[in-house]
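Only one structure is covered here, and it is reproduced in the block below.
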There are 2 protein chains.
Amino acid sequence: MDGCSGTSEVPAMVVGGGAAGTPAASRWNPTKEQIDMLENLYRQGLRTPTADQIQEITGRLQTYGHIEGKNVFYWFQNHKARQRQKEKQDHLSLFRQYNHHHRHLHQPPFVHIPPPPNGPYF
Amino acid sequence: MDGCSGTSEVPAMVVGGGAAGTPAASRWNPTKEQIDMLENLYRQGLRTPTADQIQEITGRLQTYGHIEGKNVFYWFQNHKARQRQKEKQDHLSLFRQYNHHHRHLHQPPFVHIPPPPNGPYF
DNA sequence: AGATTATGAATGAATG
DNA sequence: CATTCATTCATAATCT
């Protein structure tokens with residue numbers, strides 16, 4: 001939970017000694033096969049896999065290299081988010097004076113004005 | 001996929017007033033002290049603080065920086081949820097993805113909130 | 001080598 | 001309490 005706000009960040013202890021053979025990855029680096037498979041799943045419509053699906057996928061991808069459940073989880077989160085962001089960018093750059101793409105943005109007639117959890121709490 | 005680089009900065013609807021100097025934090029950025037204290041409370045067994053407790057905690061944390069009740073509320077929600085997910089992920093691999101014996105962390109009726117090191121009180 | 005880009009990771013906020 | 005979205009930070013990859 002640090003994110004990075006604190007400027008006084010203790011430099012993470014990079015695992016792995018000076019041993020040359022062990023890169024000691026600080027973060028997961030997917031192999032081509034893994035990416036290919038993940039993108040394939042995404043293409044097939046999978047957007048936010050459930051815990052079970054993540055488990056399943058992780059297990060299969062482990063044959064191509066080290067990978068954990070959270071990596072799969074983050075991959076889908078990021079991929080989806082950035083795909084969405086791309087679309088936003090596209091529409092922002094060249095605003096079509098014609099009909100703008102819909103994008104099911106269901107907006108209730110009058111949206112709730114974020115009255116934060118004032119409900120039972122404050 | 002950019003993310004943060006300043007290729008084409010898309011200024012979202014930053015709420016900040018026209019005032020220049022104000023960083024206009026769009027979202028709460030906890031300080032180290034605040035996080036430390038929150039984690040400490042969590043360690044002591046506090047999981048879902050009541051409205052009163054939230055108020056109390058918020059008041060104390062305000063000495064370290066700007067913070068609102070909803071931030072405290074959300075922090076506990078998120079921390080608990082993510083701690084749970086972590087445990088799930090750590091113990092994946094083998095069977096028993098379901099129905100793990102969860103420890104009953106009984107929440108004490110009143111949690112002692114340690115006063116700040118140099119608090120305004122004595 | 002340093003700058004830039006792509007993307008993994010983290011977390012605040014919100015909704016169901 | 002779970003699930004999801006958005007934004008940001010950190011860093012591997014890549015380019016120049």
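Chains: A, B, ... in order of the structure tokens. Residues: from 1 per chain. Ligands: from 1, in order shown.
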Could the residues of chain C that have an atom at most 9 Å from chain A be listed as a tab-separated table, each with its closest atom pair and the distance in Å to one decimal, counting only C-alpha atoms (C1' of nucleotides) and ordered by chain and ascending residue number?
residue	atom	partner	partner_atom	distance
C:DT7	C1'	A:Asn78	CA	8.1
C:DG8	C1'	A:Arg27	CA	6.8
C:DA9	C1'	A:Tyr74	CA	7.5
C:DA10	C1'	A:Gly3	CA	5.8
C:DT11	C1'	A:Gly3	CA	7.3
C:DA14	C1'	A:Pro114	CA	9.0
Written selection (N, CA and C atoms (P, O5', C5', C4', C3', O3' and C1' of nucleotides)) as an mmCIF file, in the first residue's frame:
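selection-v8.cif, written as the output of this step:
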data_model
loop_
_atom_site.group_PDB
_atom_site.id
_atom_site.type_symbol
_atom_site.label_atom_id
_atom_site.label_comp_id
_atom_site.auth_asym_id
_atom_site.auth_seq_id
_atom_site.Cartn_x
_atom_site.Cartn_y
_atom_site.Cartn_z
ATOM 1 P P DT C 7 1.805 -3.336 -24.650
ATOM 2 O "O5'" DT C 7 1.885 -3.511 -23.078
ATOM 3 C "C5'" DT C 7 3.013 -4.165 -22.500
ATOM 4 C "C4'" DT C 7 2.970 -4.064 -20.978
ATOM 5 C "C3'" DT C 7 1.610 -4.469 -20.368
ATOM 6 O "O3'" DT C 7 1.879 -5.210 -19.213
ATOM 7 C "C1'" DT C 7 2.276 -2.441 -19.509
ATOM 8 P P DG C 8 1.131 -6.645 -19.058
ATOM 9 O "O5'" DG C 8 1.552 -7.045 -17.567
ATOM 10 C "C5'" DG C 8 2.917 -7.190 -17.240
ATOM 11 C "C4'" DG C 8 3.199 -6.676 -15.838
ATOM 12 C "C3'" DG C 8 2.245 -7.172 -14.766
ATOM 13 O "O3'" DG C 8 3.002 -7.498 -13.606
ATOM 14 C "C1'" DG C 8 2.270 -4.813 -14.771
ATOM 15 P P DA C 9 2.318 -8.209 -12.381
ATOM 16 O "O5'" DA C 9 1.990 -6.966 -11.458
ATOM 17 C "C5'" DA C 9 3.077 -6.248 -10.884
ATOM 18 C "C4'" DA C 9 2.561 -5.060 -10.101
ATOM 19 C "C3'" DA C 9 1.554 -5.413 -9.000
ATOM 20 O "O3'" DA C 9 2.150 -5.069 -7.764
ATOM 21 C "C1'" DA C 9 0.858 -3.513 -10.269
ATOM 22 P P DA C 10 1.383 -5.433 -6.413
ATOM 23 O "O5'" DA C 10 0.636 -4.090 -6.009
ATOM 24 C "C5'" DA C 10 1.369 -2.873 -5.988
ATOM 25 C "C4'" DA C 10 0.398 -1.716 -5.877
ATOM 26 C "C3'" DA C 10 -0.696 -1.910 -4.816
ATOM 27 O "O3'" DA C 10 -0.488 -0.950 -3.795
ATOM 28 C "C1'" DA C 10 -1.561 -0.975 -6.844
ATOM 29 P P DT C 11 -1.301 -1.052 -2.450
ATOM 30 O "O5'" DT C 11 -2.513 -0.064 -2.763
ATOM 31 C "C5'" DT C 11 -2.227 1.260 -3.157
ATOM 32 C "C4'" DT C 11 -3.503 1.969 -3.558
ATOM 33 C "C3'" DT C 11 -4.689 1.690 -2.610
ATOM 34 O "O3'" DT C 11 -5.413 2.883 -2.459
ATOM 35 C "C1'" DT C 11 -5.332 1.297 -4.786
ATOM 36 P P DA C 14 -16.627 8.401 -5.147
ATOM 37 O "O5'" DA C 14 -17.588 7.186 -5.547
ATOM 38 C "C5'" DA C 14 -17.636 6.910 -6.903
ATOM 39 C "C4'" DA C 14 -18.048 5.497 -7.158
ATOM 40 C "C3'" DA C 14 -19.480 5.200 -6.708
ATOM 41 O "O3'" DA C 14 -20.281 5.309 -7.862
ATOM 42 C "C1'" DA C 14 -17.955 3.343 -6.478
#
Nearest to chain A: which of B:Thr31, B:Thr48, B:Asn40, B:Gln83 is it, counting only C-alpha atoms? B:Thr31
